[in-house]
$ cat input.txt   # compact mmCIF, C-alpha atoms and all ligand atoms
# COMPACT_ATOMS: atom_id res chain seq x y z
CA MET A 55 -23.80 20.18 -71.37
CA ALA A 56 -25.50 19.67 -68.02
CA LEU A 57 -25.76 15.93 -68.39
CA GLY A 58 -22.05 15.60 -69.09
CA CYS A 59 -21.21 17.28 -65.78
CA GLU A 60 -23.79 15.26 -63.94
CA ALA A 61 -22.56 12.03 -65.48
CA GLU A 62 -18.95 12.74 -64.67
CA SER A 63 -19.76 13.61 -61.08
CA LEU A 64 -21.40 10.19 -60.82
CA GLY A 65 -18.18 8.58 -61.95
CA VAL A 66 -19.81 6.94 -64.95
CA LEU A 67 -17.95 6.17 -68.16
CA PRO A 68 -16.84 9.73 -69.01
CA HIS A 69 -16.23 10.45 -72.66
CA LYS A 70 -12.57 11.24 -73.33
CA PRO A 71 -12.55 14.77 -74.74
CA ASP A 72 -9.81 14.11 -77.28
CA SER A 73 -11.44 10.99 -78.74
CA ALA A 74 -10.31 10.57 -82.34
CA ASN A 75 -13.20 8.32 -83.26
CA SER A 76 -15.41 9.52 -86.07
CA VAL A 77 -18.69 8.46 -84.45
CA GLY A 78 -17.51 10.11 -81.22
CA GLU A 79 -16.68 13.31 -83.06
CA LYS A 80 -20.22 13.44 -84.39
CA GLY A 81 -21.39 13.28 -80.77
CA MET A 82 -19.17 16.23 -79.87
CA ALA A 83 -20.30 18.14 -82.97
CA ALA A 84 -23.95 17.76 -82.04
CA ARG A 85 -23.28 19.35 -78.67
CA SER A 86 -21.79 22.44 -80.27
CA GLN A 87 -24.97 23.04 -82.30
CA PRO A 88 -27.63 23.65 -79.66
CA MET A 89 -30.18 24.95 -82.18
CA THR A 90 -30.32 21.60 -83.95
CA ARG A 91 -30.08 19.43 -80.86
CA PRO A 92 -33.03 17.05 -80.64
CA ALA A 93 -35.10 16.63 -77.52
CA ILE A 94 -33.56 13.40 -76.40
CA ASP A 95 -33.91 12.66 -72.73
CA VAL A 96 -31.00 10.76 -71.12
CA GLN A 97 -31.37 9.75 -67.46
CA PRO A 98 -28.58 7.92 -65.59
CA ILE A 99 -29.89 4.81 -63.80
CA ALA A 100 -27.03 3.94 -61.44
CA GLY A 101 -23.86 5.50 -60.05
CA ALA A 102 -21.51 3.25 -61.99
CA MET A 103 -23.07 3.17 -65.45
CA GLY A 104 -26.23 2.88 -67.52
CA ALA A 105 -28.83 5.34 -68.80
CA GLU A 106 -32.43 5.30 -69.90
CA ILE A 107 -33.32 7.26 -73.03
CA HIS A 108 -36.70 8.64 -74.07
CA GLY A 109 -37.65 10.83 -76.98
CA VAL A 110 -36.02 8.97 -79.89
CA ASP A 111 -37.61 6.86 -82.61
CA LEU A 112 -35.19 4.31 -84.03
CA ALA A 113 -37.53 3.72 -86.97
CA SER A 114 -36.82 7.23 -88.27
CA LEU A 115 -33.62 8.42 -86.66
CA ASP A 116 -32.01 11.67 -87.77
CA ASP A 117 -28.25 12.23 -87.59
CA ALA A 118 -28.42 14.64 -84.64
CA SER A 119 -30.37 12.14 -82.52
CA PHE A 120 -27.98 9.38 -83.56
CA ALA A 121 -25.04 11.51 -82.44
CA GLU A 122 -26.71 11.98 -79.03
CA ILE A 123 -27.19 8.21 -78.75
CA VAL A 124 -23.52 7.59 -79.58
CA ASP A 125 -22.49 10.13 -76.98
CA ALA A 126 -24.67 8.46 -74.31
CA PHE A 127 -23.39 5.02 -75.37
CA HIS A 128 -19.80 6.15 -74.76
CA ARG A 129 -20.57 7.84 -71.46
CA PHE A 130 -22.87 5.24 -69.92
CA GLY A 131 -21.72 1.91 -71.42
CA ALA A 132 -25.27 0.50 -71.57
CA ILE A 133 -28.33 2.44 -72.66
CA VAL A 134 -31.97 1.48 -72.93
CA LEU A 135 -34.18 3.26 -75.46
CA ARG A 136 -37.80 2.92 -74.43
CA ASN A 137 -40.97 2.68 -76.54
CA GLN A 138 -39.51 1.55 -79.85
CA LYS A 139 -41.31 -0.27 -82.65
CA ILE A 140 -38.87 -1.58 -85.24
CA SER A 141 -38.90 -4.21 -87.97
CA HIS A 142 -35.99 -6.64 -88.38
CA ASP A 143 -34.69 -4.44 -91.21
CA GLN A 144 -34.92 -1.27 -89.09
CA HIS A 145 -33.14 -3.08 -86.24
CA LYS A 146 -30.28 -4.00 -88.59
CA THR A 147 -30.17 -0.55 -90.17
CA PHE A 148 -29.76 1.09 -86.75
CA ALA A 149 -27.06 -1.37 -85.61
CA ARG A 150 -25.18 -0.97 -88.92
CA ARG A 151 -24.59 2.69 -88.10
CA PHE A 152 -22.07 1.40 -85.52
CA GLY A 153 -20.30 -1.01 -87.91
CA ALA A 154 -20.59 -4.28 -89.82
CA LEU A 155 -23.07 -6.81 -88.45
CA GLU A 156 -21.90 -10.23 -87.29
CA VAL A 157 -23.37 -13.64 -88.04
CA HIS A 158 -22.96 -15.64 -84.83
CA PRO A 159 -20.54 -18.55 -85.38
CA ILE A 160 -22.53 -20.97 -83.19
CA VAL A 161 -26.09 -19.74 -82.58
CA ASP A 162 -28.42 -19.92 -85.58
CA GLY A 163 -29.88 -16.65 -86.84
CA LEU A 164 -33.37 -16.06 -88.21
CA ALA A 165 -34.30 -17.41 -91.62
CA GLY A 166 -33.83 -14.48 -94.00
CA HIS A 167 -31.99 -12.46 -91.30
CA PRO A 168 -28.88 -14.48 -90.38
CA GLU A 169 -27.51 -11.52 -88.35
CA ILE A 170 -30.49 -11.58 -85.96
CA ILE A 171 -30.61 -14.08 -83.10
CA LYS A 172 -34.02 -14.73 -81.60
CA MET A 173 -33.34 -15.16 -77.88
CA HIS A 174 -36.40 -17.15 -76.96
CA LYS A 175 -37.35 -18.62 -73.63
CA ALA A 176 -40.78 -20.25 -73.73
CA ALA A 177 -42.83 -20.34 -70.54
CA GLY A 178 -41.51 -23.41 -68.72
CA ASP A 179 -38.13 -23.38 -70.45
CA ALA A 180 -35.14 -24.11 -68.28
CA ALA A 181 -32.88 -22.19 -70.63
CA THR A 182 -32.10 -18.54 -70.81
CA PHE A 183 -29.41 -17.49 -73.25
CA GLY A 184 -26.71 -15.28 -71.76
CA VAL A 185 -26.93 -16.33 -68.10
CA GLY A 186 -23.50 -15.78 -66.49
CA TRP A 187 -21.22 -12.76 -66.69
CA HIS A 188 -19.60 -12.29 -70.08
CA SER A 189 -18.63 -9.95 -72.87
CA ASP A 190 -20.30 -10.96 -76.12
CA ASN A 191 -18.26 -13.12 -78.48
CA SER A 192 -14.96 -12.56 -76.64
CA PHE A 193 -14.02 -16.04 -77.92
CA THR A 194 -13.66 -14.62 -81.44
CA GLU A 195 -10.69 -12.72 -82.89
CA ARG A 196 -12.66 -9.51 -83.29
CA PRO A 197 -15.24 -9.63 -80.49
CA SER A 198 -18.50 -7.72 -80.72
CA LEU A 199 -18.19 -3.95 -80.41
CA CYS A 200 -21.77 -3.65 -79.24
CA SER A 201 -24.94 -5.68 -78.95
CA VAL A 202 -28.32 -4.18 -79.80
CA VAL A 203 -31.26 -6.08 -78.29
CA TYR A 204 -34.96 -5.47 -78.90
CA GLY A 205 -37.40 -6.72 -76.26
CA VAL A 206 -40.62 -8.01 -77.79
CA THR A 207 -42.20 -10.37 -75.25
CA VAL A 208 -41.25 -9.35 -71.75
CA PRO A 209 -42.28 -11.11 -68.53
CA PRO A 210 -44.34 -9.04 -66.07
CA PHE A 211 -41.43 -9.26 -63.63
CA GLY A 212 -38.00 -10.90 -63.66
CA GLY A 213 -35.70 -11.48 -66.62
CA ASP A 214 -33.74 -8.25 -66.10
CA THR A 215 -30.22 -7.85 -67.45
CA LEU A 216 -27.26 -6.80 -65.28
CA PHE A 217 -24.26 -4.86 -66.55
CA ALA A 218 -20.86 -4.12 -64.94
CA ASN A 219 -18.45 -1.29 -65.77
CA GLN A 220 -15.04 -2.77 -66.61
CA TYR A 221 -13.25 0.60 -66.61
CA LEU A 222 -14.09 0.80 -62.91
CA ALA A 223 -13.09 -2.85 -62.45
CA TYR A 224 -9.60 -2.00 -63.77
CA GLU A 225 -9.23 1.39 -62.11
CA THR A 226 -10.11 0.09 -58.63
CA LEU A 227 -7.35 -2.56 -58.63
CA SER A 228 -4.10 -1.76 -56.80
CA ALA A 229 -1.22 -0.27 -58.78
CA GLY A 230 0.73 -3.50 -58.35
CA MET A 231 -2.08 -5.68 -59.66
CA ARG A 232 -2.70 -3.30 -62.58
CA ARG A 233 0.99 -3.39 -63.49
CA MET A 234 1.02 -7.18 -63.46
CA LEU A 235 -2.20 -7.50 -65.47
CA ASP A 236 -1.02 -4.92 -68.03
CA GLY A 237 1.58 -7.43 -69.19
CA LEU A 238 -0.70 -10.48 -69.38
CA SER A 239 -2.81 -12.05 -72.10
CA ALA A 240 -5.59 -14.60 -71.68
CA VAL A 241 -7.09 -17.38 -73.75
CA HIS A 242 -10.80 -17.13 -74.58
CA SER A 243 -12.87 -20.03 -75.89
CA ALA A 244 -16.51 -21.03 -76.19
CA LYS A 245 -15.62 -24.62 -75.29
CA TYR A 246 -17.30 -24.61 -71.88
CA ALA A 247 -20.12 -22.17 -72.63
CA TYR A 248 -21.30 -23.81 -75.85
CA THR A 249 -20.54 -27.51 -75.49
CA ALA A 250 -23.21 -30.01 -76.47
CA PRO A 251 -24.11 -30.62 -72.79
CA THR A 252 -24.75 -26.92 -72.20
CA THR A 253 -26.68 -26.35 -75.40
CA VAL A 254 -27.99 -29.20 -77.52
CA ASP A 255 -28.18 -32.02 -74.96
CA LYS A 256 -29.35 -30.06 -71.94
CA TYR A 257 -31.97 -28.09 -73.78
CA GLU A 258 -33.06 -30.72 -76.30
CA GLY A 259 -36.74 -30.16 -76.93
CA LYS A 260 -36.93 -27.41 -74.33
CA THR A 261 -35.89 -24.37 -76.31
CA THR A 262 -36.51 -23.02 -79.77
CA MET A 263 -32.93 -21.74 -80.03
CA SER A 264 -30.59 -23.87 -82.11
CA TYR A 265 -26.83 -24.13 -82.22
CA ARG A 266 -24.26 -25.18 -84.80
CA HIS A 267 -21.42 -27.20 -83.35
CA THR A 268 -18.78 -25.76 -85.63
CA GLU A 269 -15.08 -25.65 -84.89
CA ALA A 270 -15.67 -22.16 -83.44
CA VAL A 271 -16.76 -23.92 -80.24
CA GLN A 272 -13.36 -25.50 -79.60
CA SER A 273 -11.10 -22.82 -81.05
CA GLU A 274 -9.03 -20.57 -78.79
CA VAL A 275 -8.08 -16.94 -79.16
CA VAL A 276 -5.68 -14.79 -77.12
CA HIS A 277 -6.62 -11.27 -75.96
CA PRO A 278 -4.89 -8.82 -73.63
CA VAL A 279 -6.20 -9.01 -70.03
CA VAL A 280 -6.53 -5.22 -70.05
CA ARG A 281 -7.64 -3.51 -73.25
CA THR A 282 -7.65 0.12 -74.32
CA HIS A 283 -10.99 1.32 -75.63
CA PRO A 284 -10.40 2.65 -79.16
CA ASP A 285 -12.92 5.50 -78.80
CA THR A 286 -12.50 6.67 -75.22
CA GLY A 287 -8.81 5.79 -74.72
CA ARG A 288 -9.60 4.33 -71.28
CA ARG A 289 -8.29 0.97 -70.04
CA ALA A 290 -10.75 -1.75 -69.12
CA LEU A 291 -10.44 -5.21 -67.60
CA TYR A 292 -11.17 -7.80 -70.31
CA VAL A 293 -11.60 -11.24 -68.75
CA ASN A 294 -14.96 -12.91 -68.19
CA PRO A 295 -16.04 -16.17 -66.54
CA MET A 296 -18.04 -17.44 -69.53
CA PHE A 297 -15.25 -17.40 -72.10
CA THR A 298 -11.84 -16.70 -70.45
CA VAL A 299 -10.33 -20.11 -69.74
CA ARG A 300 -6.71 -19.38 -68.66
CA PHE A 301 -3.84 -16.92 -68.92
CA ALA A 302 -1.69 -17.36 -72.01
CA ASP A 303 1.28 -19.71 -71.39
CA MET A 304 -0.23 -20.98 -68.13
CA THR A 305 -2.36 -23.99 -67.25
CA GLU A 306 -6.01 -23.67 -66.30
CA ALA A 307 -5.16 -24.79 -62.75
CA GLU A 308 -2.44 -22.15 -62.42
CA SER A 309 -4.71 -19.45 -63.79
CA ARG A 310 -7.80 -20.31 -61.76
CA PRO A 311 -7.11 -18.51 -58.44
CA LEU A 312 -6.30 -15.14 -60.02
CA LEU A 313 -9.05 -15.47 -62.64
CA ASP A 314 -11.57 -16.28 -59.90
CA PHE A 315 -10.53 -13.17 -58.01
CA LEU A 316 -10.83 -11.02 -61.15
CA PHE A 317 -14.23 -12.47 -62.09
CA ARG A 318 -15.59 -11.69 -58.61
CA HIS A 319 -14.05 -8.23 -58.61
CA ALA A 320 -15.29 -7.44 -62.15
CA SER A 321 -18.93 -7.97 -61.18
CA ARG A 322 -18.85 -6.02 -57.91
CA GLU A 323 -22.28 -4.58 -57.10
CA ASP A 324 -21.03 -1.01 -57.12
CA PHE A 325 -19.82 -1.37 -60.71
CA GLN A 326 -23.26 -2.49 -61.88
CA CYS A 327 -26.53 -1.26 -63.25
CA ARG A 328 -29.69 -3.28 -63.83
CA ILE A 329 -32.00 -2.84 -66.78
CA ARG A 330 -35.60 -3.84 -66.45
CA TRP A 331 -37.14 -4.65 -69.81
CA GLN A 332 -40.41 -3.39 -71.22
CA GLU A 333 -41.99 -4.36 -74.51
CA GLY A 334 -40.39 -2.11 -77.10
CA SER A 335 -37.17 -1.51 -75.15
CA VAL A 336 -33.98 -1.50 -77.19
CA THR A 337 -30.93 -1.98 -74.99
CA MET A 338 -27.42 -1.64 -76.34
CA TRP A 339 -24.11 -2.08 -74.57
CA ASP A 340 -20.41 -1.66 -75.25
CA ASN A 341 -18.74 -5.08 -74.97
CA ARG A 342 -15.30 -3.44 -74.93
CA CYS A 343 -15.81 -1.96 -71.46
CA VAL A 344 -18.92 -3.69 -70.05
CA GLN A 345 -19.81 -7.24 -68.99
CA HIS A 346 -23.39 -8.40 -68.64
CA THR A 347 -25.54 -11.31 -67.55
CA ALA A 348 -29.16 -12.24 -68.15
CA LEU A 349 -31.11 -13.24 -65.04
CA ASP A 350 -32.94 -16.56 -65.21
CA ASP A 351 -35.68 -15.61 -62.74
CA CYS A 352 -38.80 -15.49 -64.90
CA GLN A 353 -39.81 -19.15 -64.93
CA GLY A 354 -43.35 -19.59 -66.15
CA PHE A 355 -43.22 -16.60 -68.49
CA GLU A 356 -42.26 -16.37 -72.12
CA ARG A 357 -39.41 -13.99 -72.98
CA VAL A 358 -38.50 -13.03 -76.57
CA HIS A 359 -35.68 -10.66 -77.51
CA TYR A 360 -34.00 -10.12 -80.86
CA ARG A 361 -30.26 -9.48 -80.85
CA VAL A 362 -27.87 -8.02 -83.39
CA THR A 363 -24.15 -7.63 -82.72
CA VAL A 364 -21.66 -5.34 -84.45
CA GLU A 365 -18.16 -6.55 -85.23
CA GLY A 366 -15.40 -4.85 -83.23
CA ASP A 367 -11.62 -4.44 -83.44
CA ARG A 368 -9.01 -6.87 -82.30
CA PRO A 369 -8.58 -5.95 -78.59
CA GLN A 370 -5.34 -4.03 -77.87
O1 LIG B 401 -31.25 -11.73 -72.55
C1 LIG B 401 -30.50 -11.04 -71.89
O2 LIG B 401 -30.85 -10.46 -70.86
C2 LIG B 401 -29.07 -10.86 -72.33
C3 LIG B 401 -28.62 -12.04 -73.11
C4 LIG B 401 -27.23 -11.86 -73.62
O3 LIG B 401 -26.28 -12.24 -73.02
C5 LIG B 401 -27.05 -11.15 -74.89
O4 LIG B 401 -28.02 -10.72 -75.50
O5 LIG B 401 -25.89 -11.02 -75.30
FE FE B 402 -24.48 -11.65 -74.00

$ encode --input "input.txt" --output "structure tokens" --more "lines below"
Ligand SMILES: O=C(O)CCC(=O)C(=O)O
Ligand SMILES: [Fe+2]
Amino acid sequence: MALGCEAESLGVLPHKPDSANSVGEKGMAARSQPMTRPAIDVQPIAGAMGAEIHGVDLASLDDASFAEIVDAFHRFGAIVLRNQKISHDQHKTFARRFGALEVHPIVDGLAGHPEIIKMHKAAGDAATFGVGWHSDNSFTERPSLCSVVYGVTVPPFGGDTLFANQYLAYETLSAGMRRMLDGLSAVHSAKYAYTAPTTVDKYEGKTTMSYRHTEAVQSEVVHPVVRTHPDTGRRALYVNPMFTVRFADMTEAESRPLLDFLFRHASREDFQCRIRWQEGSVTMWDNRCVQHTALDDCQGFERVHYRVTVEGDRPQ
């Protein structure tokens, strides 16, 4: 497949050929049946990761097109499907093909669709959900496998989303650092990201998003610092500045210098891609090997996106 060669020469998230994952196998199967292959157009958008996809309709998606999407998802880490028009039910039906949907433990979902978060920034809002590098829901025991976000009201400029390839973040560390990190675990918590001052108090009256201050905010969970992706078999760095608070069995002060180095390294420009939204764009990313951040640079414009996340495995 031409794209596969092209993608691998770019050094982007190559798909491990011996992947044992069932969704991955469907992707491989589709490639061996050229007669039935749909006309889906996948264009890489940066050297490190990311692709833009045209020629699919998520409202009526056949299995062959889905297999192509899964294949691109594994190879590029973040993909944007342009020109979609989907209802909340169609959004959930598409995301469910990747696994069970999550109900966010802290952010309220839509009435009638608890799995869908409306990420709303009104014109003049100070708040933009998701600003700061992170991997979605890493503060939970089984963090999100992927996030599927539908852009509905998009500013004329600004409000892009940045992504960073965490396979590359791991692979570009020295052998000594990799060896040390391989043996470490880290504590993740939402306690700084979702405290009352950063949600309820700060944004009181200034955002339509609402938060539940459940015990999920204060709870802590331990994950390996380097995780193996269950589908691709590749190792990826798995610490992020929004939710990783310290190394296991160390204090926050002791952990800080090395964590700060890793956070800076993990978001290096040459590991990134940038997705510019359009109305009707559906962007999905793999939280097991990608970090992302929203950009809060569209003051004065309304921005509305709907997000669904799919439950993942316990990182290993
Ligand atoms: O709105 C964005 O650009 C991304 C927000 C975010 O972090 C997310 O949807 O998980
Ligand atoms: Fe996020």

$ closest_atom_pairs --input "input.txt" --of "chain A" --to "ligand LIG 401 (chain B)" --cutoff "8 Å" --atoms "only C-alpha atoms and all ligand atoms" --output "tab-separated table"
residue	atom	partner	partner_atom	distance
A:Met173	CA	B:LIG401	O1	6.7
A:Thr182	CA	B:LIG401	O1	7.1
A:Phe183	CA	B:LIG401	C3	5.5
A:Gly184	CA	B:LIG401	O3	3.3
A:Val185	CA	B:LIG401	O3	6.4
A:Gly186	CA	B:LIG401	O3	7.9
A:His188	CA	B:LIG401	O3	7.3
A:Ser189	CA	B:LIG401	O5	7.7
A:Asp190	CA	B:LIG401	O5	5.7
A:Ser201	CA	B:LIG401	O5	6.5
A:Val202	CA	B:LIG401	O4	7.8
A:Val203	CA	B:LIG401	O4	6.3
A:Gly213	CA	B:LIG401	O2	6.5
A:Asp214	CA	B:LIG401	O2	6.0
A:Thr215	CA	B:LIG401	O2	4.3
A:Leu216	CA	B:LIG401	O2	7.6
A:His346	CA	B:LIG401	O3	6.5
A:Thr347	CA	B:LIG401	O3	5.6
A:Ala348	CA	B:LIG401	O2	3.7
A:Leu349	CA	B:LIG401	O2	6.5
A:His359	CA	B:LIG401	O1	6.7
A:Arg361	CA	B:LIG401	O4	5.9

$ closest_residue --input "input.txt" --among "A:Tyr360, A:Phe325, A:Phe355, A:Trp331" --to "ligand FE 402 (chain B)" --atoms "only C-alpha atoms and all ligand atoms"
A:Tyr360

$ closest_atom_pairs --input "input.txt" --of "range 194-242 of chain A" --to "range 363-368 of chain A" --cutoff "8 Å" --atoms "only C-alpha atoms" --output "JSON lines"
{"residue": "A:Glu195", "atom": "CA", "partner": "A:Arg368", "partner_atom": "CA", "distance": 6.1}
{"residue": "A:Arg196", "atom": "CA", "partner": "A:Arg368", "partner_atom": "CA", "distance": 4.6}
{"residue": "A:Pro197", "atom": "CA", "partner": "A:Gly366", "partner_atom": "CA", "distance": 5.5}
{"residue": "A:Ser198", "atom": "CA", "partner": "A:Glu365", "partner_atom": "CA", "distance": 4.7}
{"residue": "A:Leu199", "atom": "CA", "partner": "A:Gly366", "partner_atom": "CA", "distance": 4.1}
{"residue": "A:Cys200", "atom": "CA", "partner": "A:Val364", "partner_atom": "CA", "distance": 5.5}
{"residue": "A:Ser201", "atom": "CA", "partner": "A:Thr363", "partner_atom": "CA", "distance": 4.3}
{"residue": "A:Val202", "atom": "CA", "partner": "A:Thr363", "partner_atom": "CA", "distance": 6.1}

$ atom_distance --input "input.txt" --atom1 "CA of Ala93 in chain A" --atom2 "CA of Asp340 in chain A"
23.6 Å

$ residues_near_point --input "input.txt" --point "(-23.1, -12.4, -94.1)" --cutoff "8 Å" --atoms "all atoms listed in the file" --output "PyMOL selection string"
chain A and resi 155-157+168-169

$ residues_around --input "input.txt" --residues "range 226-228 of chain A" --least-positions-apart "4" --cutoff "12 Å" --atoms "only C-alpha atoms" --output "PyMOL selection string"
chain A and resi 219-222+232-236+280+289-291+315-316+319-320+322+324-325

$ write_last_selection --input "input.txt" --atoms "C-alpha atoms" --output "PDB file, in the frame of the given file"
ATOM      1  CA  ASN A 219     -18.450  -1.290 -65.770  1.00  0.00           C
ATOM      2  CA  GLN A 220     -15.040  -2.770 -66.610  1.00  0.00           C
ATOM      3  CA  TYR A 221     -13.250   0.600 -66.610  1.00  0.00           C
ATOM      4  CA  LEU A 222     -14.090   0.800 -62.910  1.00  0.00           C
ATOM      5  CA  ARG A 232      -2.700  -3.300 -62.580  1.00  0.00           C
ATOM      6  CA  ARG A 233       0.990  -3.390 -63.490  1.00  0.00           C
ATOM      7  CA  MET A 234       1.020  -7.180 -63.460  1.00  0.00           C
ATOM      8  CA  LEU A 235      -2.200  -7.500 -65.470  1.00  0.00           C
ATOM      9  CA  ASP A 236      -1.020  -4.920 -68.030  1.00  0.00           C
ATOM     10  CA  VAL A 280      -6.530  -5.220 -70.050  1.00  0.00           C
ATOM     11  CA  ARG A 289      -8.290   0.970 -70.040  1.00  0.00           C
ATOM     12  CA  ALA A 290     -10.750  -1.750 -69.120  1.00  0.00           C
ATOM     13  CA  LEU A 291     -10.440  -5.210 -67.600  1.00  0.00           C
ATOM     14  CA  PHE A 315     -10.530 -13.170 -58.010  1.00  0.00           C
ATOM     15  CA  LEU A 316     -10.830 -11.020 -61.150  1.00  0.00           C
ATOM     16  CA  HIS A 319     -14.050  -8.230 -58.610  1.00  0.00           C
ATOM     17  CA  ALA A 320     -15.290  -7.440 -62.150  1.00  0.00           C
ATOM     18  CA  ARG A 322     -18.850  -6.020 -57.910  1.00  0.00           C
ATOM     19  CA  ASP A 324     -21.030  -1.010 -57.120  1.00  0.00           C
ATOM     20  CA  PHE A 325     -19.820  -1.370 -60.710  1.00  0.00           C
TER      21      PHE A 325
END

$ atom_distance --input "input.txt" --atom1 "CA of Ala247 in chain A" --atom2 "CA of Ile160 in chain A"
10.9 Å

$ closest_residue --input "input.txt" --among "A:Val279, A:Met304, A:Val206, A:Ile171" --to "ligand FE 402 (chain B)" --atoms "all atoms listed in the file"
A:Ile171

$ closest_residue --input "input.txt" --among "A:Met231, A:Ile140, A:Ala165, A:Val344" --to "ligand FE 402 (chain B)" --atoms "all atoms listed in the file"
A:Val344

$ closest_residue --input "input.txt" --among "A:Leu112, A:Tyr246, A:Val362, A:Gly354" --to "ligand FE 402 (chain B)" --atoms "all atoms listed in the file"
A:Val362

$ residues_around --input "input.txt" --residues "Ser243 in chain A" --least-positions-apart "4" --cutoff "8 Å" --atoms "only C-alpha atoms" --output "list in words"
Ser192, Phe193, Thr194, Val271, Gln272, Ser273, Glu274, Val275, Phe297, Thr298 and Val299 of chain A

$ write_last_selection --input "input.txt" --atoms "C-alpha atoms" --output "PDB file, keeping the file's coordinate frame"
ATOM      1  CA  SER A 192     -14.960 -12.560 -76.640  1.00  0.00           C
ATOM      2  CA  PHE A 193     -14.020 -16.040 -77.920  1.00  0.00           C
ATOM      3  CA  THR A 194     -13.660 -14.620 -81.440  1.00  0.00           C
ATOM      4  CA  VAL A 271     -16.760 -23.920 -80.240  1.00  0.00           C
ATOM      5  CA  GLN A 272     -13.360 -25.500 -79.600  1.00  0.00           C
ATOM      6  CA  SER A 273     -11.100 -22.820 -81.050  1.00  0.00           C
ATOM      7  CA  GLU A 274      -9.030 -20.570 -78.790  1.00  0.00           C
ATOM      8  CA  VAL A 275      -8.080 -16.940 -79.160  1.00  0.00           C
ATOM      9  CA  PHE A 297     -15.250 -17.400 -72.100  1.00  0.00           C
ATOM     10  CA  THR A 298     -11.840 -16.700 -70.450  1.00  0.00           C
ATOM     11  CA  VAL A 299     -10.330 -20.110 -69.740  1.00  0.00           C
TER      12      VAL A 299
END

$ closest_residue --input "input.txt" --among "A:Thr207, A:Ser321, A:Thr262, A:Gln345" --to "Arg357 in chain A" --atoms "only C-alpha atoms"
A:Thr207

$ residues_around --input "input.txt" --residues "range 103-107 of chain A" --least-positions-apart "4" --cutoff "6 Å" --atoms "all atoms listed in the file" --output "list of chain:residue names"
A:Val66, A:Asp95, A:Val96, A:Gln97, A:Pro98, A:Ile99, A:Phe130, A:Ala132, A:Ile133, A:Val134, A:Leu135, A:Cys327

$ closest_residue --input "input.txt" --among "A:Arg266, A:His167, A:His283, A:Arg318" --to "Ala223 in chain A" --atoms "all atoms listed in the file"
A:Arg318

$ residues_around --input "input.txt" --residues "Arg151 in chain A" --least-positions-apart "5" --cutoff "10 Å" --atoms "only C-alpha atoms" --output "list in words"
Val77, Phe120, Val124, Lys146 and Val364 of chain A

$ atom_distance --input "input.txt" --atom1 "CA of Lys175 in chain A" --atom2 "CA of Val208 in chain A"
10.2 Å

$ decode --input "input.txt" --residues "range 311-322 of chain A" --atoms "N, CA and C atoms" --output "compact mmCIF listing (two decimals), in the first residue's frame"
# COMPACT_ATOMS: atom_id res chain seq x y z
N PRO A 311 11.79 17.70 39.18
CA PRO A 311 12.79 18.00 38.14
C PRO A 311 12.72 17.04 36.95
N LEU A 312 12.64 15.73 37.24
CA LEU A 312 12.60 14.77 36.12
C LEU A 312 11.26 14.86 35.38
N LEU A 313 10.17 15.05 36.12
CA LEU A 313 8.88 15.19 35.42
C LEU A 313 8.90 16.42 34.52
N ASP A 314 9.45 17.52 35.02
CA ASP A 314 9.49 18.74 34.19
C ASP A 314 10.29 18.49 32.91
N PHE A 315 11.40 17.78 33.04
CA PHE A 315 12.18 17.46 31.84
C PHE A 315 11.33 16.62 30.88
N LEU A 316 10.66 15.60 31.41
CA LEU A 316 9.87 14.70 30.54
C LEU A 316 8.71 15.44 29.89
N PHE A 317 8.05 16.33 30.64
CA PHE A 317 6.93 17.08 30.06
C PHE A 317 7.41 17.95 28.90
N ARG A 318 8.56 18.61 29.09
CA ARG A 318 9.09 19.46 28.00
C ARG A 318 9.46 18.61 26.80
N HIS A 319 10.14 17.51 27.08
CA HIS A 319 10.59 16.61 26.01
C HIS A 319 9.39 16.05 25.25
N ALA A 320 8.34 15.65 25.99
CA ALA A 320 7.19 14.96 25.38
C ALA A 320 6.45 15.84 24.39
N SER A 321 6.56 17.15 24.56
CA SER A 321 5.82 18.06 23.66
C SER A 321 6.76 18.79 22.71
N ARG A 322 7.90 18.18 22.42
CA ARG A 322 8.84 18.78 21.47
C ARG A 322 8.15 19.05 20.14
